[in-house]
Amino acid sequence: MDTTVPEIRFDEKGVCNFCKMHDEMEKEFPLNDNGKKKFEKIVRQIKKAGKKRPYDIIVGVSGGRDSTYALYLAVRLGLRPLAVHFDNGWNSEIAVTNIKNATNELNVDLYTYVVDWEEFKDLQVSFLKASTSDSEIPTDVAIHGILHKIAAKEKIKYLVFAHSFRTEGVAPLGWTYMDGKYIESVQKAFGKKKLKTYPNMKLWDFFYYRFIRGIKVVPLLTYVDYNQKEVGKMLEKEVGWTYYGGHHHESYYTHFFQSFYLPKKFNIDKRKIEYSALIRTKQMNRGQALAEISKTEYPYDEELVKYTKRKLGLSNDEFEEILSAPNKTFHDYPTYYPLIVKLSWFIRLGAKMHLVPKHLYFKFLG
C-alpha cells in the first residue's frame, strides 16, 4: 500500500493504518486454539438454527476461488448450504462451469437470480457516468440484497460472503464505497430506467434483516488458514474448478473494471490491496509484489474492452467522454455516509457486540 491510497497514514515507525487494521482483524479472528473453539461454536449454532429446515446456511457463489472454497468448506463442516448466485449478465463460461461443477460434486442446491439486463445495464452506465471509482458496486450491493432476501424467504438465519482479509485485505474507502442510497442517487442522476428487479440493500433493509429477521453474516474464510495456491489446487482436484487468470476475473465486467478502467481513469491498482494481504500472510514476499507491480501495468485485454463497450451500448465517443470526465468521489452524491459518521459511537459498539461486521467498521470508520 502506498500514497496512491487517499486515506493512508503512517506512524512514527513508518507503519500504515492498513497494517494496523490487519493486526486488529487477526486479533478478532485468531488462527489458534481460541479461534478454533470460537469457530466450532458458530458451526454448532448454525446447525442448531437450521435443524428443522432443509438448509442451514446460504453461500453466495460466483464461480471464483473464494466462493467455491466457502461452499466446499461449508459442506466439509457438515453444514447444508443453499448456493445462491446473482447473474448480472457478465458471467464468463469458466464461472458458469465452475458453479455447475462445484454444486454438482458437492450435491448442493443452486438458486440463481437473474436481474433484468436492460435495467442493470442502465445502472452500470449510470455509475460510469458518475465518474467515481465505485462502478462495480451495483453488483456488490445486489449480492448482499439477494442473499438476504433469499435467506428471509427460506427462513435461514446465517449466510456467507466469501471474503477473507488475509487474501484480499480491506479496500480503502476512497477506492470503494457502497450503500443502497448511493445506488439510488446515482441512478436518479444519470439513469433512464427505474430499478424494479434490482435487489437493492438500503439502510432499512439492513436493520430489517439483521434485527427483525435475525439474519447473521458469517465470515467463514476468516476462521481458517486460507492459502490461495493450495486451495486452488485442491479445488481443481475435488470439484473440477478452473482458474480464470486473475483475481475476480471470473466476471467479464470485473476483469474489465480492475484491469483497465480503474488503472486508466483513476490510477488505482487493486493488486496493491491483494498483494499486501498476501505479504502479511506470508503467501508472497514484498520484493515479489513490488517487482510484479513495477514491471508492468495491470495487464488488460483490448478485446475485452471492446466487448464491454458493445455490451453496454456505448459508442467510442461516449466511452472516451466517460474516461476523460473529471474524477469524482462518493462524497459528490447523496449517500448514508454522513449518517454513518454521526452514528459512529453506536456502530463501534455494534462491532464490539458482533452486531456489525468488524471489517465494515474498520473500513467506514477506521
# chains A, B, ... in the order shown; residues from 1 in each chain; ligands from 1

call {"tool": "closest_atom_pairs", "arguments": {"of": "range 235-304 of chain A", "to": "range 166-177 of chain A", "cutoff": "8 Å", "atoms": "only C-alpha atoms", "output": "JSON lines"}}
result
{"residue": "A:Ile268", "atom": "CA", "partner": "A:Trp175", "partner_atom": "CA", "distance": 7.7}
{"residue": "A:Ile273", "atom": "CA", "partner": "A:Gly169", "partner_atom": "CA", "distance": 5.7}
{"residue": "A:Glu274", "atom": "CA", "partner": "A:Glu168", "partner_atom": "CA", "distance": 4.7}
{"residue": "A:Tyr275", "atom": "CA", "partner": "A:Thr167", "partner_atom": "CA", "distance": 7.9}
{"residue": "A:Ser276", "atom": "CA", "partner": "A:Gly169", "partner_atom": "CA", "distance": 7.3}
{"residue": "A:Ala277", "atom": "CA", "partner": "A:Gly169", "partner_atom": "CA", "distance": 5.0}
{"residue": "A:Leu278", "atom": "CA", "partner": "A:Thr167", "partner_atom": "CA", "distance": 5.4}
{"residue": "A:Arg280", "atom": "CA", "partner": "A:Arg166", "partner_atom": "CA", "distance": 7.4}
{"residue": "A:Thr281", "atom": "CA", "partner": "A:Arg166", "partner_atom": "CA", "distance": 6.2}

call {"tool": "write_last_selection", "arguments": {"atoms": "N, CA and C atoms", "output": "mmCIF file, in the first residue's frame"}}
result
data_model
loop_
_atom_site.group_PDB
_atom_site.id
_atom_site.type_symbol
_atom_site.label_atom_id
_atom_site.label_comp_id
_atom_site.auth_asym_id
_atom_site.auth_seq_id
_atom_site.Cartn_x
_atom_site.Cartn_y
_atom_site.Cartn_z
ATOM 1 N N ILE A 268 -5.681 3.523 -10.086
ATOM 2 C CA ILE A 268 -5.908 2.597 -8.981
ATOM 3 C C ILE A 268 -5.531 1.188 -9.434
ATOM 4 N N ILE A 273 -3.775 -3.994 -2.879
ATOM 5 C CA ILE A 273 -4.519 -4.484 -1.716
ATOM 6 C C ILE A 273 -4.296 -5.987 -1.554
ATOM 7 N N GLU A 274 -4.484 -6.725 -2.651
ATOM 8 C CA GLU A 274 -4.364 -8.184 -2.601
ATOM 9 C C GLU A 274 -2.948 -8.603 -2.225
ATOM 10 N N TYR A 275 -1.944 -8.024 -2.890
ATOM 11 C CA TYR A 275 -0.562 -8.405 -2.614
ATOM 12 C C TYR A 275 -0.159 -8.067 -1.178
ATOM 13 N N SER A 276 -0.634 -6.931 -0.681
ATOM 14 C CA SER A 276 -0.316 -6.545 0.702
ATOM 15 C C SER A 276 -0.864 -7.576 1.683
ATOM 16 N N ALA A 277 -2.098 -8.033 1.417
ATOM 17 C CA ALA A 277 -2.692 -9.055 2.285
ATOM 18 C C ALA A 277 -1.902 -10.352 2.201
ATOM 19 N N LEU A 278 -1.477 -10.734 1.004
ATOM 20 C CA LEU A 278 -0.719 -11.969 0.824
ATOM 21 C C LEU A 278 0.661 -11.878 1.467
ATOM 22 N N ARG A 280 1.305 -10.100 4.194
ATOM 23 C CA ARG A 280 1.051 -10.209 5.628
ATOM 24 C C ARG A 280 0.828 -11.652 6.062
ATOM 25 N N THR A 281 0.318 -12.482 5.155
ATOM 26 C CA THR A 281 0.049 -13.888 5.495
ATOM 27 C C THR A 281 1.128 -14.822 4.939
#

call {"tool": "residues_around", "arguments": {"residues": "Ser185 in chain A", "least_positions_apart": "5", "cutoff": "8 Å", "atoms": "only C-alpha atoms", "output": "list in words"}}
result
Tyr333, Pro334 and Thr335 of chain A

call {"tool": "closest_atom_pairs", "arguments": {"of": "range 195-224 of chain A", "to": "range 75-90 of chain A", "cutoff": "12 Å", "atoms": "only C-alpha atoms", "output": "CSV"}}
result
residue,atom,partner,partner_atom,distance
A:Thr197,CA,A:Asn88,CA,11.2
A:Tyr198,CA,A:Asn88,CA,9.7
A:Pro199,CA,A:Phe86,CA,9.8
A:Leu220,CA,A:Leu77,CA,10.8
A:Val224,CA,A:Leu77,CA,11.8

call {"tool": "closest_residue", "arguments": {"among": "A:Ile137, A:Cys16, A:Ile293, A:Met21", "to": "Pro263 in chain A", "atoms": "only C-alpha atoms"}}
result
A:Ile293

call {"tool": "select_by_dssp", "arguments": {"residues": "range 46-164 of chain A", "states": "strand (DSSP E)", "output": "PyMOL selection string"}}
result
chain A and resi 57-60+81-87+109-114+158-160

call {"tool": "residues_around", "arguments": {"residues": "range 307-323 of chain A", "least_positions_apart": "6", "cutoff": "10 Å", "atoms": "only C-alpha atoms", "output": "list of chain:residue names"}}
result
A:Gly89, A:Trp90, A:Glu118, A:Phe120, A:Lys121, A:Asp122, A:Gln124, A:Val125, A:Leu128, A:Lys129, A:Ala130, A:Ser131, A:Tyr252, A:Tyr253, A:Phe256, A:Phe257, A:Tyr261, A:Leu262, A:Lys264, A:Lys265, A:Phe266, A:Asp301

call {"tool": "closest_residue", "arguments": {"among": "A:Tyr243, A:Asn17, A:Lys282, A:Leu123", "to": "Lys192 in chain A", "atoms": "only C-alpha atoms"}}
result
A:Leu123

call {"tool": "residues_around", "arguments": {"residues": "His354 in chain A", "least_positions_apart": "2", "cutoff": "12 Å", "atoms": "only C-alpha atoms", "output": "compact mmCIF listing (two decimals) with C-alpha atoms, in the first residue's frame"}}
result
# COMPACT_ATOMS: atom_id res chain seq x y z
CA GLU A 28 -10.62 -10.70 16.13
CA ARG A 210 -30.35 -8.13 10.91
CA LYS A 216 -26.30 -13.04 10.54
CA VAL A 217 -23.35 -12.87 8.15
CA VAL A 218 -20.64 -15.45 8.85
CA PRO A 219 -17.15 -14.56 7.55
CA ILE A 347 -21.52 1.41 15.16
CA ARG A 348 -18.34 0.96 17.17
CA LEU A 349 -20.40 -0.56 19.98
CA GLY A 350 -22.21 -2.77 17.47
CA ALA A 351 -18.88 -4.03 16.13
CA LYS A 352 -17.73 -4.92 19.67
CA VAL A 356 -21.89 -5.13 12.80
CA PRO A 357 -19.14 -6.91 10.80
CA LYS A 358 -15.76 -5.78 12.16
CA HIS A 359 -14.20 -5.26 8.73
CA LEU A 360 -17.03 -2.86 7.79
CA TYR A 361 -16.42 -0.86 10.95

call {"tool": "residues_around", "arguments": {"residues": "Leu339 in chain A", "least_positions_apart": "6", "cutoff": "12 Å", "atoms": "only C-alpha atoms", "output": "mmCIF file with C-alpha atoms, in the first residue's frame"}}
result
data_model
loop_
_atom_site.group_PDB
_atom_site.id
_atom_site.type_symbol
_atom_site.label_atom_id
_atom_site.label_comp_id
_atom_site.auth_asym_id
_atom_site.auth_seq_id
_atom_site.Cartn_x
_atom_site.Cartn_y
_atom_site.Cartn_z
ATOM 1 C CA ASP A 179 -24.587 1.715 0.121
ATOM 2 C CA LYS A 181 -28.811 5.225 -1.071
ATOM 3 C CA LEU A 203 -30.333 1.083 5.487
ATOM 4 C CA TRP A 345 -20.251 5.553 18.505
ATOM 5 C CA PHE A 346 -23.178 3.175 18.092
ATOM 6 C CA ILE A 347 -21.521 1.412 15.160
ATOM 7 C CA PHE A 364 -16.042 3.013 7.154
ATOM 8 C CA LEU A 365 -14.706 4.482 10.399
#

call {"tool": "atom_distance", "arguments": {"atom1": "CA of Gly180 in chain A", "atom2": "CA of His144 in chain A"}}
result
10.3 Å

call {"tool": "select_by_dssp", "arguments": {"residues": "range 145-358 of chain A", "states": "alpha helix (DSSP H)", "output": "CSV table (one decimal) with N, CA and C atoms, in the first residue's frame"}}
result
chain,number,residue,atom,x,y,z
A,145,GLY,N,-28.1,-7.8,-1.2
A,145,GLY,CA,-29.5,-7.8,-1.3
A,145,GLY,C,-30.2,-9.1,-1.5
A,146,ILE,N,-29.7,-9.8,-2.5
A,146,ILE,CA,-30.4,-11.0,-2.9
A,146,ILE,C,-30.1,-12.1,-1.9
A,147,LEU,N,-28.9,-12.2,-1.4
A,147,LEU,CA,-28.6,-13.2,-0.4
A,147,LEU,C,-29.5,-13.0,0.9
A,148,HIS,N,-29.7,-11.8,1.3
A,148,HIS,CA,-30.5,-11.6,2.5
A,148,HIS,C,-32.0,-11.8,2.2
A,149,LYS,N,-32.4,-11.5,0.9
A,149,LYS,CA,-33.8,-11.7,0.5
A,149,LYS,C,-34.1,-13.2,0.5
A,150,ILE,N,-33.3,-14.0,0.0
A,150,ILE,CA,-33.5,-15.4,-0.1
A,150,ILE,C,-33.4,-16.1,1.3
A,151,ALA,N,-32.5,-15.6,2.1
A,151,ALA,CA,-32.4,-16.1,3.5
A,151,ALA,C,-33.7,-15.8,4.2
A,152,ALA,N,-34.3,-14.6,4.1
A,152,ALA,CA,-35.5,-14.3,4.8
A,152,ALA,C,-36.7,-15.2,4.2
A,153,LYS,N,-36.7,-15.4,2.9
A,153,LYS,CA,-37.7,-16.2,2.3
A,153,LYS,C,-37.7,-17.7,2.8
A,154,GLU,N,-36.5,-18.2,2.9
A,154,GLU,CA,-36.3,-19.6,3.3
A,154,GLU,C,-36.1,-19.8,4.8
A,165,PHE,N,-9.9,-11.2,4.8
A,165,PHE,CA,-8.9,-10.1,4.8
A,165,PHE,C,-7.5,-10.6,4.7
A,166,ARG,N,-7.3,-11.9,4.9
A,166,ARG,CA,-5.9,-12.4,4.8
A,166,ARG,C,-5.5,-12.6,3.3
A,167,THR,N,-6.4,-12.7,2.4
A,167,THR,CA,-6.1,-12.8,1.0
A,167,THR,C,-6.5,-11.6,0.2
A,168,GLU,N,-7.5,-10.8,0.7
A,168,GLU,CA,-8.0,-9.7,-0.1
A,168,GLU,C,-7.8,-8.4,0.5
A,180,GLY,N,-27.0,1.5,-0.3
A,180,GLY,CA,-28.2,1.5,-1.1
A,180,GLY,C,-28.6,2.9,-1.6
A,181,LYS,N,-28.4,3.9,-0.7
A,181,LYS,CA,-28.8,5.2,-1.1
A,181,LYS,C,-27.9,5.8,-2.2
A,182,TYR,N,-26.7,5.4,-2.2
A,182,TYR,CA,-25.7,5.8,-3.2
A,182,TYR,C,-26.2,5.2,-4.6
A,183,ILE,N,-26.6,4.0,-4.6
A,183,ILE,CA,-27.2,3.3,-5.8
A,183,ILE,C,-28.3,4.1,-6.3
A,184,GLU,N,-29.3,4.5,-5.5
A,184,GLU,CA,-30.4,5.2,-5.9
A,184,GLU,C,-30.1,6.6,-6.4
A,185,SER,N,-29.2,7.3,-5.7
A,185,SER,CA,-28.9,8.7,-6.1
A,185,SER,C,-28.2,8.8,-7.5
A,186,VAL,N,-27.2,7.8,-7.7
A,186,VAL,CA,-26.5,7.8,-9.0
A,186,VAL,C,-27.5,7.5,-10.1
A,187,GLN,N,-28.4,6.5,-9.9
A,187,GLN,CA,-29.3,6.1,-10.9
A,187,GLN,C,-30.3,7.3,-11.2
A,188,LYS,N,-30.7,8.0,-10.2
A,188,LYS,CA,-31.6,9.1,-10.4
A,188,LYS,C,-30.9,10.2,-11.2
A,189,ALA,N,-29.6,10.4,-11.0
A,189,ALA,CA,-28.9,11.5,-11.6
A,189,ALA,C,-28.6,11.1,-13.1
A,190,PHE,N,-28.3,9.9,-13.4
A,190,PHE,CA,-27.8,9.5,-14.7
A,190,PHE,C,-28.6,8.5,-15.5
A,203,LEU,N,-30.6,1.1,4.1
A,203,LEU,CA,-30.3,1.1,5.5
A,203,LEU,C,-31.4,0.4,6.2
A,204,TRP,N,-32.7,0.6,5.8
A,204,TRP,CA,-33.8,-0.1,6.5
A,204,TRP,C,-33.8,-1.6,6.2
A,205,ASP,N,-33.3,-1.9,5.0
A,205,ASP,CA,-33.2,-3.4,4.7
A,205,ASP,C,-32.2,-4.0,5.7
A,206,PHE,N,-31.1,-3.3,5.9
A,206,PHE,CA,-30.1,-3.9,6.8
A,206,PHE,C,-30.6,-4.1,8.2
A,207,PHE,N,-31.3,-3.1,8.7
A,207,PHE,CA,-31.9,-3.3,10.1
A,207,PHE,C,-33.0,-4.3,10.1
A,228,GLN,N,-4.1,-19.4,-0.9
A,228,GLN,CA,-4.7,-19.4,-2.2
A,228,GLN,C,-4.2,-20.5,-3.2
A,229,LYS,N,-2.9,-20.7,-3.3
A,229,LYS,CA,-2.4,-21.6,-4.2
A,229,LYS,C,-2.8,-23.1,-3.8
A,230,GLU,N,-2.7,-23.4,-2.5
A,230,GLU,CA,-3.0,-24.7,-2.1
A,230,GLU,C,-4.5,-25.0,-2.3
A,231,VAL,N,-5.3,-24.0,-2.0
A,231,VAL,CA,-6.8,-24.1,-2.1
A,231,VAL,C,-7.1,-24.3,-3.6
A,232,GLY,N,-6.5,-23.5,-4.5
A,232,GLY,CA,-6.8,-23.6,-5.9
A,232,GLY,C,-6.5,-25.0,-6.4
A,233,LYS,N,-5.4,-25.6,-6.0
A,233,LYS,CA,-5.0,-27.0,-6.5
A,233,LYS,C,-6.0,-28.0,-5.9
A,234,MET,N,-6.4,-27.8,-4.7
A,234,MET,CA,-7.4,-28.7,-4.1
A,234,MET,C,-8.7,-28.7,-4.8
A,235,LEU,N,-9.2,-27.5,-5.1
A,235,LEU,CA,-10.5,-27.3,-5.7
A,235,LEU,C,-10.5,-27.9,-7.2
A,236,GLU,N,-9.4,-27.8,-7.8
A,236,GLU,CA,-9.2,-28.4,-9.2
A,236,GLU,C,-9.4,-29.9,-9.1
A,237,LYS,N,-8.8,-30.5,-8.1
A,237,LYS,CA,-8.9,-31.9,-7.9
A,237,LYS,C,-10.3,-32.4,-7.4
A,238,GLU,N,-10.8,-31.6,-6.4
A,238,GLU,CA,-12.0,-32.1,-5.7
A,238,GLU,C,-13.3,-31.8,-6.4
A,239,VAL,N,-13.4,-30.6,-7.1
A,239,VAL,CA,-14.7,-30.2,-7.6
A,239,VAL,C,-14.6,-29.7,-9.1
A,252,TYR,N,-16.6,-11.0,-16.5
A,252,TYR,CA,-16.0,-10.2,-17.6
A,252,TYR,C,-16.0,-8.7,-17.2
A,253,TYR,N,-17.0,-8.2,-16.5
A,253,TYR,CA,-17.1,-6.8,-16.2
A,253,TYR,C,-16.0,-6.5,-15.1
A,254,THR,N,-15.9,-7.4,-14.1
A,254,THR,CA,-14.9,-7.1,-13.1
A,254,THR,C,-13.5,-7.2,-13.6
A,255,HIS,N,-13.3,-8.1,-14.6
A,255,HIS,CA,-12.0,-8.1,-15.3
A,255,HIS,C,-11.7,-6.8,-16.0
A,256,PHE,N,-12.7,-6.3,-16.7
A,256,PHE,CA,-12.5,-5.0,-17.4
A,256,PHE,C,-12.3,-3.9,-16.4
A,271,ARG,N,-4.3,-4.6,-7.2
A,271,ARG,CA,-3.3,-5.7,-6.8
A,271,ARG,C,-2.6,-5.3,-5.6
A,272,LYS,N,-2.5,-4.0,-5.3
A,272,LYS,CA,-1.7,-3.5,-4.1
A,272,LYS,C,-2.4,-4.0,-2.9
A,273,ILE,N,-3.8,-4.0,-2.9
A,273,ILE,CA,-4.5,-4.5,-1.7
A,273,ILE,C,-4.3,-6.0,-1.6
A,274,GLU,N,-4.5,-6.7,-2.7
A,274,GLU,CA,-4.4,-8.2,-2.6
A,274,GLU,C,-2.9,-8.6,-2.2
A,275,TYR,N,-1.9,-8.0,-2.9
A,275,TYR,CA,-0.6,-8.4,-2.6
A,275,TYR,C,-0.2,-8.1,-1.2
A,276,SER,N,-0.6,-6.9,-0.7
A,276,SER,CA,-0.3,-6.5,0.7
A,276,SER,C,-0.9,-7.6,1.7
A,277,ALA,N,-2.1,-8.0,1.4
A,277,ALA,CA,-2.7,-9.1,2.3
A,277,ALA,C,-1.9,-10.4,2.2
A,278,LEU,N,-1.5,-10.7,1.0
A,278,LEU,CA,-0.7,-12.0,0.8
A,278,LEU,C,0.7,-11.9,1.5
A,279,ILE,N,1.3,-10.7,1.5
A,279,ILE,CA,2.5,-10.5,2.1
A,279,ILE,C,2.4,-10.7,3.6
A,280,ARG,N,1.3,-10.1,4.2
A,280,ARG,CA,1.1,-10.2,5.6
A,280,ARG,C,0.8,-11.7,6.1
A,286,ARG,N,7.5,-9.2,-0.2
A,286,ARG,CA,7.3,-7.8,-0.6
A,286,ARG,C,8.1,-7.6,-1.9
A,287,GLY,N,9.3,-8.2,-2.0
A,287,GLY,CA,10.1,-8.0,-3.2
A,287,GLY,C,9.4,-8.5,-4.5
A,288,GLN,N,8.7,-9.7,-4.4
A,288,GLN,CA,8.0,-10.2,-5.5
A,288,GLN,C,6.8,-9.3,-5.9
A,289,ALA,N,6.1,-8.8,-4.9
A,289,ALA,CA,5.0,-7.9,-5.1
A,289,ALA,C,5.4,-6.6,-5.8
A,290,LEU,N,6.5,-6.0,-5.3
A,290,LEU,CA,6.9,-4.8,-5.9
A,290,LEU,C,7.4,-5.0,-7.4
A,291,ALA,N,8.1,-6.1,-7.6
A,291,ALA,CA,8.6,-6.4,-8.9
A,291,ALA,C,7.4,-6.6,-9.9
A,292,GLU,N,6.4,-7.3,-9.4
A,292,GLU,CA,5.2,-7.6,-10.3
A,292,GLU,C,4.5,-6.4,-10.7
A,293,ILE,N,4.4,-5.4,-9.7
A,293,ILE,CA,3.6,-4.2,-10.0
A,293,ILE,C,4.5,-3.2,-10.8
A,294,SER,N,5.8,-3.2,-10.5
A,294,SER,CA,6.6,-2.2,-11.2
A,294,SER,C,7.0,-2.5,-12.6
A,295,LYS,N,7.0,-3.8,-12.9
A,295,LYS,CA,7.5,-4.2,-14.2
A,295,LYS,C,6.4,-4.0,-15.3
A,302,GLU,N,-7.5,-6.0,-24.7
A,302,GLU,CA,-8.1,-5.0,-25.6
A,302,GLU,C,-9.5,-5.4,-26.1
A,303,GLU,N,-9.5,-6.7,-26.5
A,303,GLU,CA,-10.8,-7.3,-27.0
A,303,GLU,C,-11.9,-7.2,-25.9
A,304,LEU,N,-11.5,-7.4,-24.7
A,304,LEU,CA,-12.5,-7.3,-23.6
A,304,LEU,C,-13.0,-5.9,-23.4
A,305,VAL,N,-12.1,-4.9,-23.6
A,305,VAL,CA,-12.6,-3.5,-23.5
A,305,VAL,C,-13.6,-3.3,-24.6
A,306,LYS,N,-13.3,-3.7,-25.8
A,306,LYS,CA,-14.3,-3.6,-27.0
A,306,LYS,C,-15.6,-4.3,-26.7
A,307,TYR,N,-15.5,-5.5,-26.1
A,307,TYR,CA,-16.7,-6.3,-25.8
A,307,TYR,C,-17.5,-5.5,-24.8
A,308,THR,N,-16.9,-5.0,-23.8
A,308,THR,CA,-17.6,-4.2,-22.7
A,308,THR,C,-18.4,-3.0,-23.3
A,309,LYS,N,-17.7,-2.3,-24.1
A,309,LYS,CA,-18.4,-1.1,-24.8
A,309,LYS,C,-19.6,-1.5,-25.6
A,310,ARG,N,-19.4,-2.6,-26.3
A,310,ARG,CA,-20.6,-3.1,-27.2
A,310,ARG,C,-21.7,-3.6,-26.3
A,311,LYS,N,-21.4,-4.3,-25.2
A,311,LYS,CA,-22.4,-4.9,-24.4
A,311,LYS,C,-23.2,-3.8,-23.6
A,312,LEU,N,-22.5,-2.7,-23.3
A,312,LEU,CA,-23.1,-1.6,-22.6
A,312,LEU,C,-23.8,-0.6,-23.5
A,316,ASN,N,-17.7,4.7,-29.2
A,316,ASN,CA,-16.3,5.1,-28.8
A,316,ASN,C,-16.2,6.5,-28.2
A,317,ASP,N,-17.0,7.4,-28.8
A,317,ASP,CA,-17.0,8.8,-28.3
A,317,ASP,C,-17.6,8.9,-26.9
A,318,GLU,N,-18.7,8.1,-26.7
A,318,GLU,CA,-19.3,8.1,-25.3
A,318,GLU,C,-18.3,7.5,-24.3
A,319,PHE,N,-17.6,6.5,-24.7
A,319,PHE,CA,-16.7,5.8,-23.8
A,319,PHE,C,-15.5,6.8,-23.5
A,320,GLU,N,-15.0,7.4,-24.5
A,320,GLU,CA,-13.9,8.4,-24.3
A,320,GLU,C,-14.3,9.5,-23.4
A,321,GLU,N,-15.6,9.9,-23.6
A,321,GLU,CA,-16.1,11.0,-22.7
A,321,GLU,C,-16.1,10.6,-21.3
A,322,ILE,N,-16.5,9.3,-21.0
A,322,ILE,CA,-16.5,8.8,-19.6
A,322,ILE,C,-15.1,8.8,-19.1
A,323,LEU,N,-14.1,8.3,-19.9
A,323,LEU,CA,-12.8,8.2,-19.4
A,323,LEU,C,-12.1,9.6,-19.1
A,324,SER,N,-12.5,10.6,-19.9
A,324,SER,CA,-11.9,11.9,-19.8
A,324,SER,C,-12.7,12.9,-18.8
A,337,TYR,N,-23.3,8.0,4.1
A,337,TYR,CA,-22.0,8.2,4.8
A,337,TYR,C,-22.1,9.2,5.9
A,338,PRO,N,-22.7,10.4,5.7
A,338,PRO,CA,-22.8,11.4,6.8
A,338,PRO,C,-23.5,10.9,8.0
A,339,LEU,N,-24.6,10.0,7.8
A,339,LEU,CA,-25.3,9.4,8.9
A,339,LEU,C,-24.4,8.4,9.6
A,340,ILE,N,-23.6,7.7,8.8
A,340,ILE,CA,-22.7,6.7,9.4
A,340,ILE,C,-21.7,7.4,10.3
A,341,VAL,N,-21.2,8.5,9.9
A,341,VAL,CA,-20.3,9.2,10.7
A,341,VAL,C,-20.9,9.7,12.0
A,342,LYS,N,-22.1,10.2,11.9
A,342,LYS,CA,-22.9,10.7,13.1
A,342,LYS,C,-23.2,9.5,14.1
A,344,SER,N,-21.3,6.9,14.6
A,344,SER,CA,-20.0,6.2,14.7
A,344,SER,C,-19.9,5.5,16.1
A,345,TRP,N,-20.4,6.1,17.2
A,345,TRP,CA,-20.3,5.6,18.5
A,345,TRP,C,-21.1,4.3,18.6
A,346,PHE,N,-22.3,4.3,18.1
A,346,PHE,CA,-23.2,3.2,18.1
A,346,PHE,C,-22.7,2.0,17.2
A,347,ILE,N,-22.1,2.4,16.1
A,347,ILE,CA,-21.5,1.4,15.2
A,347,ILE,C,-20.3,0.7,15.8
A,348,ARG,N,-19.5,1.5,16.5
A,348,ARG,CA,-18.3,1.0,17.2
A,348,ARG,C,-18.8,0.0,18.2
A,349,LEU,N,-19.8,0.3,19.0
A,349,LEU,CA,-20.4,-0.6,20.0
A,349,LEU,C,-21.0,-1.8,19.3
A,350,GLY,N,-21.7,-1.6,18.2
A,350,GLY,CA,-22.2,-2.8,17.5
A,350,GLY,C,-21.1,-3.7,17.0
A,351,ALA,N,-20.0,-3.2,16.6
A,351,ALA,CA,-18.9,-4.0,16.1
A,351,ALA,C,-18.3,-4.8,17.3
A,352,LYS,N,-18.2,-4.2,18.5
A,352,LYS,CA,-17.7,-4.9,19.7
A,352,LYS,C,-18.7,-6.0,20.1
A,358,LYS,N,-16.9,-6.6,11.7
A,358,LYS,CA,-15.8,-5.8,12.2
A,358,LYS,C,-15.0,-5.1,11.0

call {"tool": "closest_residue", "arguments": {"among": "A:Tyr223, A:Tyr72, A:Phe330, A:Tyr113", "to": "Glu40 in chain A", "atoms": "only C-alpha atoms"}}
result
A:Tyr223

call {"tool": "closest_residue", "arguments": {"among": "A:Ile215, A:Tyr300, A:Val141, A:Met284", "to": "Phe260 in chain A", "atoms": "only C-alpha atoms"}}
result
A:Tyr300

call {"tool": "atom_distance", "arguments": {"atom1": "CA of Pro299 in chain A", "atom2": "CA of Ser251 in chain A"}}
result
15.7 Å

call {"tool": "atom_distance", "arguments": {"atom1": "CA of Glu24 in chain A", "atom2": "CA of Ser164 in chain A"}}
result
13.8 Å

call {"tool": "closest_residue", "arguments": {"among": "A:Met201, A:Ile57, A:Ile42, A:Ala142", "to": "Val108 in chain A", "atoms": "only C-alpha atoms"}}
result
A:Ile57

call {"tool": "closest_residue", "arguments": {"among": "A:Cys19, A:Lys13, A:Gly214, A:Ile58", "to": "Ala70 in chain A", "atoms": "only C-alpha atoms"}}
result
A:Ile58
